[in-house]
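Structure file coords22.cif (mmCIF, C-alpha atoms) follows.
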data_coords
#
loop_
_atom_site.label_atom_id
_atom_site.label_comp_id
_atom_site.auth_asym_id
_atom_site.auth_seq_id
_atom_site.Cartn_x
_atom_site.Cartn_y
_atom_site.Cartn_z
CA MET A 1 0.00 23.91 -10.78
CA PHE A 2 -2.66 21.21 -10.51
CA LYS A 3 -2.54 20.65 -14.29
CA PHE A 4 0.50 18.53 -13.51
CA PHE A 5 -1.87 15.95 -12.06
CA SER A 6 -3.86 15.54 -15.29
CA SER A 7 -3.98 11.92 -16.45
CA SER A 8 -2.49 12.67 -19.89
CA LYS A 9 0.62 14.13 -18.22
CA VAL A 10 0.94 11.46 -15.57
CA TYR A 11 0.12 8.39 -17.67
CA PRO A 12 3.37 8.21 -19.70
CA LEU A 13 5.36 8.37 -16.45
CA ILE A 14 3.46 5.50 -14.84
CA GLN A 15 4.75 2.73 -17.12
CA LYS A 16 8.31 4.05 -16.82
CA LEU A 17 8.05 4.00 -13.03
CA ILE A 18 6.52 0.49 -13.03
CA ASN A 19 9.40 -0.77 -15.20
CA PHE A 20 11.95 0.95 -12.97
CA ILE A 21 10.50 -0.57 -9.77
CA ASN A 22 10.28 -4.01 -11.41
CA SER A 23 13.95 -3.80 -12.39
CA ILE A 24 15.27 -3.10 -8.87
CA PHE A 25 12.64 -4.70 -6.65
CA PHE A 26 13.93 -8.28 -6.40
CA LEU A 27 17.50 -7.21 -5.73
CA ILE A 28 16.41 -5.00 -2.81
CA LEU A 29 14.01 -7.71 -1.59
CA ILE A 30 16.84 -10.28 -1.45
CA ILE A 31 19.11 -7.80 0.37
CA GLY A 32 16.31 -6.95 2.82
CA LEU A 33 15.46 -10.60 3.54
CA THR A 34 19.15 -11.49 4.00
CA PHE A 35 19.55 -8.72 6.55
CA ALA A 36 16.23 -9.44 8.29
CA LEU A 37 16.50 -13.23 8.51
CA VAL A 38 20.25 -13.92 8.53
CA LEU A 39 22.55 -11.00 9.27
CA SER A 40 20.65 -9.05 11.96
CA PRO A 41 21.29 -10.27 15.52
CA PRO A 42 18.58 -11.66 17.82
CA ASP A 43 17.36 -9.30 20.52
CA TYR A 44 18.76 -9.84 24.03
CA LEU A 45 15.21 -10.10 25.45
CA GLN A 46 12.94 -11.07 22.56
CA GLY A 47 15.38 -13.45 20.88
CA ASP A 48 14.68 -14.25 17.21
CA SER A 49 11.04 -13.19 17.46
CA VAL A 50 12.36 -9.64 16.97
CA ARG A 51 12.71 -10.48 13.26
CA ILE A 52 8.92 -10.16 12.96
CA MET A 53 9.51 -6.44 13.56
CA TYR A 54 11.07 -6.20 10.08
CA VAL A 55 7.69 -6.90 8.47
CA HIS A 56 5.42 -5.60 11.22
CA VAL A 57 6.81 -2.07 11.61
CA PRO A 58 7.01 -1.13 7.88
CA SER A 59 3.47 -2.51 7.40
CA ALA A 60 2.13 -0.34 10.23
CA TRP A 61 3.96 2.75 8.96
CA ILE A 62 2.64 2.33 5.42
CA GLY A 63 -0.88 1.70 6.73
CA LEU A 64 -0.71 4.98 8.63
CA ALA A 65 0.99 6.89 5.82
CA CYS A 66 -1.66 5.81 3.29
CA PHE A 67 -4.50 7.02 5.51
CA SER A 68 -2.73 10.32 6.21
CA THR A 69 -2.30 10.85 2.45
CA ILE A 70 -5.93 9.90 1.80
CA THR A 71 -7.10 12.46 4.39
CA LEU A 72 -4.88 15.20 3.00
CA LEU A 73 -5.97 14.56 -0.59
CA SER A 74 -9.63 14.33 0.42
CA VAL A 75 -9.41 17.78 2.00
CA LEU A 76 -7.54 19.18 -1.02
CA ASN A 77 -10.07 17.59 -3.37
CA PHE A 78 -12.89 19.10 -1.33
CA ILE A 79 -11.34 22.58 -1.59
CA PHE A 80 -9.82 22.59 -5.09
CA LYS A 81 -12.01 19.95 -6.80
CA ILE A 82 -9.13 18.04 -8.32
CA LYS A 83 -10.67 14.84 -9.60
CA ASN A 84 -7.35 13.07 -9.89
CA PHE A 85 -6.98 13.13 -6.11
CA TYR A 86 -10.14 11.06 -5.92
CA PHE A 87 -8.56 8.42 -8.19
CA ILE A 88 -5.32 8.54 -6.21
CA ASN A 89 -7.26 7.93 -2.99
CA LYS A 90 -9.25 5.12 -4.57
CA SER A 91 -5.97 3.46 -5.61
CA LEU A 92 -4.29 4.05 -2.23
CA ALA A 93 -7.02 2.71 0.05
CA PRO A 94 -6.65 -1.03 -0.76
CA ILE A 95 -2.87 -0.74 -0.22
CA GLY A 96 -3.42 0.91 3.15
CA LEU A 97 -5.93 -1.78 4.11
CA LEU A 98 -3.54 -4.56 3.09
CA PHE A 99 -0.67 -3.17 5.16
CA THR A 100 -2.87 -2.37 8.17
CA CYS A 101 -4.16 -5.97 8.15
CA LEU A 102 -0.58 -7.26 7.81
CA ALA A 103 0.52 -5.08 10.74
CA ILE A 104 -2.28 -6.48 12.90
CA VAL A 105 -1.64 -10.11 11.91
CA THR A 106 2.15 -9.95 12.25
CA GLY A 107 1.74 -8.00 15.50
CA SER A 108 -0.44 -10.80 16.79
CA LEU A 109 2.16 -13.39 15.74
CA TRP A 110 4.77 -11.35 17.61
CA GLY A 111 2.49 -10.92 20.65
CA GLN A 112 1.97 -14.62 21.28
CA PRO A 113 5.59 -15.52 22.11
CA THR A 114 6.37 -12.10 23.64
CA TRP A 115 3.26 -11.24 25.67
CA GLY A 116 1.75 -14.72 25.82
CA THR A 117 -1.41 -13.66 24.00
CA TRP A 118 -2.51 -13.26 20.38
CA TRP A 119 -4.65 -10.24 21.12
CA ALA A 120 -5.38 -7.74 23.89
CA TRP A 121 -7.78 -4.79 23.92
CA ASP A 122 -4.78 -2.55 24.38
CA ALA A 123 -5.00 1.09 23.17
CA ARG A 124 -2.48 0.65 20.31
CA LEU A 125 -3.99 -2.60 19.05
CA THR A 126 -7.55 -1.34 19.32
CA SER A 127 -6.76 1.93 17.53
CA MET A 128 -5.07 -0.05 14.73
CA LEU A 129 -8.19 -2.21 14.47
CA ALA A 130 -10.23 1.01 14.24
CA LEU A 131 -7.96 2.17 11.40
CA MET A 132 -8.62 -1.10 9.58
CA LEU A 133 -12.37 -0.55 9.97
CA PHE A 134 -12.07 3.02 8.62
CA TYR A 135 -10.27 1.58 5.58
CA VAL A 136 -13.06 -1.00 5.13
CA PHE A 137 -15.78 1.70 5.34
CA TYR A 138 -13.79 3.94 2.99
CA ILE A 139 -13.45 1.19 0.37
CA LEU A 140 -17.09 0.18 0.79
CA THR A 141 -18.21 3.67 -0.29
CA PHE A 142 -16.65 3.01 -3.72
CA LYS A 143 -18.29 -0.41 -3.93
CA LEU A 144 -21.75 0.45 -2.60
CA LEU A 145 -22.45 3.99 -3.80
CA LYS A 146 -23.03 4.74 -7.46
CA GLU A 147 -23.05 8.53 -7.77
CA GLU A 148 -19.53 9.96 -7.92
CA LYS A 149 -20.31 13.23 -6.09
CA LEU A 150 -21.88 11.31 -3.22
CA ILE A 151 -18.89 8.92 -3.10
CA ILE A 152 -16.50 11.88 -2.84
CA LYS A 153 -18.54 13.44 -0.03
CA VAL A 154 -19.02 10.25 2.00
CA SER A 155 -15.46 9.01 1.53
CA SER A 156 -14.06 12.45 2.48
CA VAL A 157 -16.11 12.45 5.68
CA ILE A 158 -14.83 8.94 6.53
CA ALA A 159 -11.26 10.04 5.83
CA VAL A 160 -11.52 13.18 7.98
CA VAL A 161 -13.24 11.35 10.86
CA GLY A 162 -10.73 8.50 10.55
CA SER A 163 -7.83 10.92 10.69
CA ILE A 164 -8.75 11.68 14.35
CA ASN A 165 -7.62 8.11 15.02
CA LEU A 166 -4.11 8.72 13.60
CA PRO A 167 -2.69 10.73 16.53
CA ILE A 168 -4.44 8.29 18.88
CA ILE A 169 -2.50 5.43 17.26
CA LYS A 170 0.75 7.38 17.45
CA TYR A 171 0.45 8.54 21.07
CA SER A 172 -1.61 5.65 22.50
CA VAL A 173 1.55 4.09 23.94
CA GLU A 174 2.33 7.33 25.78
CA TRP A 175 -1.18 8.34 26.87
CA TRP A 176 -2.20 4.97 28.28
CA ALA A 177 -0.46 2.06 29.97
CA THR A 178 -0.29 -0.40 27.09
CA LEU A 179 1.13 -3.84 26.43
CA HIS A 180 2.64 -2.43 23.27
CA GLN A 181 6.06 -0.89 23.92
CA PRO A 182 6.70 2.84 23.25
CA ALA A 183 8.27 3.88 19.94
CA SER A 184 11.92 2.82 19.57
CA ILE A 185 12.44 4.97 16.48
CA LYS A 186 12.02 8.71 16.72
CA ILE A 187 12.22 11.31 13.96
CA ILE A 188 13.17 13.95 16.52
CA GLY A 189 15.57 12.77 19.20
CA SER A 190 17.71 9.68 19.44
CA SER A 191 16.27 6.25 18.62
CA SER A 192 16.74 3.42 21.07
CA ILE A 193 17.26 0.82 18.34
CA HIS A 194 20.75 -0.46 17.52
CA SER A 195 22.13 0.25 14.04
CA GLN A 196 22.44 -3.52 13.39
CA MET A 197 18.64 -3.68 13.61
CA MET A 198 17.95 -0.24 12.18
CA LEU A 199 19.63 -1.06 8.86
CA PRO A 200 17.52 -4.18 8.10
CA LEU A 201 14.42 -2.28 9.17
CA MET A 202 15.17 0.56 6.76
CA VAL A 203 15.92 -1.85 3.89
CA MET A 204 12.68 -3.73 4.54
CA LEU A 205 10.85 -0.39 4.70
CA LEU A 206 12.27 0.44 1.27
CA VAL A 207 11.10 -2.97 -0.05
CA PHE A 208 7.59 -2.36 1.28
CA LEU A 209 7.52 1.19 -0.08
CA LEU A 210 8.57 -0.01 -3.52
CA TYR A 211 5.91 -2.72 -3.43
CA ALA A 212 3.25 -0.20 -2.30
CA ALA A 213 4.32 2.19 -5.08
CA LEU A 214 4.12 -0.62 -7.64
CA ILE A 215 0.61 -1.64 -6.63
CA PHE A 216 -0.47 2.00 -6.43
CA LEU A 217 0.80 2.74 -9.95
CA MET A 218 -0.92 -0.33 -11.37
CA LYS A 219 -4.20 0.55 -9.66
CA TYR A 220 -3.96 4.20 -10.67
CA LYS A 221 -3.25 3.18 -14.27
CA THR A 222 -6.33 0.94 -14.16
CA GLU A 223 -8.42 3.88 -12.92
CA ILE A 224 -7.20 6.14 -15.75
CA ILE A 225 -7.97 3.45 -18.35
CA ARG A 226 -11.42 2.87 -16.82
CA ILE A 227 -12.25 6.58 -17.13
CA LYS A 228 -10.78 6.87 -20.64
CA LYS A 229 -12.78 3.80 -21.69
CA LYS A 230 -15.97 5.44 -20.45
CA ASN A 231 -15.19 8.65 -22.36
CA ILE A 232 -13.61 7.09 -25.44
CA LYS A 233 -16.06 8.62 -27.91
CA ARG A 234 -16.07 12.00 -26.21
CA ASP A 235 -12.24 12.22 -26.32
CA MET B 236 23.49 -23.74 11.70
CA ILE B 237 20.76 -24.50 9.15
CA SER B 238 18.68 -26.08 11.89
CA ASN B 239 19.08 -22.91 14.00
CA PHE B 240 18.07 -20.81 11.01
CA ILE B 241 14.90 -22.85 10.54
CA THR B 242 13.90 -23.12 14.21
CA MET B 243 15.01 -19.54 15.07
CA ASN B 244 15.73 -20.71 18.61
CA GLY B 245 12.13 -21.75 19.17
CA TYR B 246 10.52 -18.76 17.43
CA GLY B 247 10.60 -20.30 13.94
CA LEU B 248 6.85 -20.90 13.72
CA TYR B 249 6.02 -17.25 14.46
CA VAL B 250 8.83 -15.74 12.35
CA TRP B 251 8.28 -17.93 9.28
CA LEU B 252 4.51 -17.63 9.53
CA SER B 253 4.77 -13.81 9.65
CA PHE B 254 7.07 -13.63 6.63
CA SER B 255 4.99 -16.22 4.73
CA ILE B 256 1.70 -14.40 5.36
CA VAL B 257 3.23 -11.11 4.18
CA PHE B 258 4.82 -12.75 1.12
CA ILE B 259 1.67 -14.68 0.11
CA SER B 260 -0.71 -11.71 0.63
CA CYS B 261 1.55 -9.36 -1.32
CA THR B 262 1.95 -11.88 -4.16
CA VAL B 263 -1.81 -12.47 -4.39
CA VAL B 264 -2.55 -8.71 -4.41
CA TYR B 265 0.16 -8.13 -7.04
CA PHE B 266 -1.21 -10.74 -9.46
CA LYS B 267 -4.83 -9.71 -8.85
CA THR B 268 -3.97 -6.05 -9.55
CA LYS B 269 -1.99 -6.99 -12.65
CA LYS B 270 -4.84 -9.15 -13.97
CA THR B 271 -7.37 -6.33 -13.47
CA LEU B 272 -5.08 -3.87 -15.24
CA GLN B 273 -4.62 -6.22 -18.21
CA LYS B 274 -8.39 -6.83 -18.35
CA TYR B 275 -9.09 -3.08 -18.55
CA GLU B 276 -6.36 -2.57 -21.17
CA GLN B 277 -7.90 -5.34 -23.29
CA GLU B 278 -11.40 -3.91 -22.89
CA PHE B 279 -10.15 -0.46 -23.83
CA LEU B 280 -8.53 -1.82 -26.99
CA LEU B 281 -11.71 -3.69 -27.91
CA GLU B 282 -13.71 -0.48 -27.47
CA LEU B 283 -11.19 1.33 -29.63
CA GLN B 284 -11.42 -1.33 -32.33
CA ALA B 285 -15.21 -1.16 -32.24
CA LEU B 286 -15.13 2.51 -33.27
CA THR B 287 -15.31 3.63 -36.87
CA VAL B 288 -11.97 4.59 -38.46
CA GLU B 289 -12.79 8.28 -38.11
CA GLU B 290 -13.81 7.98 -34.48
CA ARG B 291 -10.73 5.90 -33.70
CA ASN B 292 -8.37 8.37 -35.36
CA LYS B 293 -10.03 11.22 -33.50
CA ALA B 294 -9.75 9.36 -30.19
CA LEU B 295 -6.08 8.61 -30.85
CA GLU B 296 -5.36 12.17 -31.90
CA THR B 297 -6.93 13.74 -28.86
CA SER B 298 -6.03 11.24 -26.17
CA LYS B 299 -2.41 10.66 -25.19
CA VAL B 300 -3.58 7.89 -22.90
CA ALA B 301 -5.23 6.04 -25.81
CA GLN B 302 -2.00 6.35 -27.81
CA GLN B 303 0.00 4.97 -24.89
CA ILE B 304 -2.31 2.00 -24.32
CA LEU B 305 -2.21 1.16 -28.02
CA ALA B 306 1.57 1.48 -28.09
CA THR B 307 1.97 -0.75 -25.02
CA SER B 308 -0.34 -3.42 -26.43
CA LEU B 309 1.55 -3.38 -29.74
CA LYS B 310 4.82 -3.87 -27.84
CA ILE B 311 3.39 -6.82 -25.89
CA ASN B 312 1.89 -8.45 -28.98
#
Output the file's structure in the form of structure tokens.
Amino acid sequence: MFKFFSSSKVYPLIQKLINFINSIFFLILIIGLTFALVLSPPDYLQGDSVRIMYVHVPSAWIGLACFSTITLLSVLNFIFKIKNFYFINKSLAPIGLLFTCLAIVTGSLWGQPTWGTWWAWDARLTSMLALMLFYVFYILTFKLLKEEKLIIKVSSVIAVVGSINLPIIKYSVEWWATLHQPASIKIIGSSSIHSQMMLPLMVMLLVFLLYAALIFLMKYKTEIIRIKKKNIKRD
Amino acid sequence: MISNFITMNGYGLYVWLSFSIVFISCTVVYFKTKKTLQKYEQEFLLELQALTVEERNKALETSKVAQQILATSLKIN
């Protein structure tokens, strides 16, 4: 089953996917921005500052999703020794870091007019900052360590330890009294967000997902080429 | 109406700054990633060209990835 993940099988698909994303990306971006900045109504309490949510929420979700994937693949790599998972993780981590940083910055820009402060040592904000630090440590292992086996071990430990922070981020708004409001969108149960705001949020999420996929594919392709270049004579 | 769109009823600075930071960061990361990818593709091709004809043919025969990179670079050039 895991032969599917071999670079020779995956590589031809990568360019096709990159071309596909490039062909639809700008159209969806324009639709998303039109909904987010023009068509969606202002919130009855937050006014137009609610529009920041359309970049803040997808960024936070992708930041969390990337780290969850990294943890899962690290564990699978540890058990099944699938080297490709290591390259996938290496390509995913910078994307996760980018979106976590964007979630923190845009959250801060939303906090100033809404809460009257750029930053508070609130449980949700602090746990997101911790996630950013885990990403930084994770990426540093690739930069600082030389031996691949050691990198896999250290990065896997960081991923597993960091994954403890994921439920803390999710439930921080329920476990503690926080400035950050509880989740408005629920997978199970009814969401408290109006469809006129839900639609732009989902379109912007799609835009961010496409962008993340594009960067991931380019980084993953770079990793494959780097390895093939190293082994060119052996191949 | 345009004025309202720009000022966002007093929240313009925060809204536009958020969207601008996201847009600029994503654009920078996109071009940086693309540049790195192109650099590695070029280096791979140079390595391939540096091989003897036999070694190159063997590398191309055995590696689908090498074939793909060569094909892509031929398309671009």
request  = Return as a PyMOL selection string the residues belonging to chain A that are within 6 Å of chain B, counting only C-alpha atoms.
outcome  = chain A and resi 8+48-49+52+106+109+222+229+235
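Across the structure, CA of Ile104 (chain A) and CA of Ala183 (chain A) are spaced 16.4 Å apart.
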request  = Please provide the set of residues having any atom within 10 Å of region 28-38 of chain A, restricted to all atoms listed in the file, with same-chain residues fewer than 3 positions apart removed, written as a PyMOL selection string.
outcome  = (chain A and resi 23-25+41-42+48+50-55+196-197+199-208+210-211) or (chain B and resi 240-241+243+250-251+254)
ask   = Rounded to one decimal in Å, what is the spacing between CA of Lys9 (chain A) and CA of Ala65 (chain A)?
value = 25.1 Å
I'd like the contact shell of region 169-179 of chain A - 7 Å cut-off, all atoms listed in the file, skipping same-chain residues fewer than 3 positions apart - returned as an mmCIF file with C-alpha atoms, in the coordinates of the input.
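Saved the output as part19.cif:
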data_model
loop_
_atom_site.group_PDB
_atom_site.id
_atom_site.type_symbol
_atom_site.label_atom_id
_atom_site.label_comp_id
_atom_site.auth_asym_id
_atom_site.auth_seq_id
_atom_site.Cartn_x
_atom_site.Cartn_y
_atom_site.Cartn_z
ATOM 1 C CA ASP A 122 -4.780 -2.550 24.380
ATOM 2 C CA ALA A 123 -5.000 1.090 23.170
ATOM 3 C CA ARG A 124 -2.480 0.650 20.310
ATOM 4 C CA SER A 127 -6.760 1.930 17.530
ATOM 5 C CA MET A 128 -5.070 -0.050 14.730
ATOM 6 C CA ASN A 165 -7.620 8.110 15.020
ATOM 7 C CA LEU A 166 -4.110 8.720 13.600
ATOM 8 C CA PRO A 182 6.700 2.840 23.250
#
query = Between CA of Ala103 (chain A) and CA of Leu133 (chain A), what is the spacing in Å?
reply = 13.7 Å
inquiry  = Taking 6 positions as the minimum chain separation for residues in the same chain, which residues sit within 9 Å of region 141-147 of chain A when counting only C-alpha atoms? Answer as number ranges by chain.
reply    = A: 90, 154-155
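Counting all atoms listed in the file and comparing A:Ser74, A:Thr100, A:Asn89, A:Ser68, the residue that lies closest to Glu223 (chain A) is A:Asn89.
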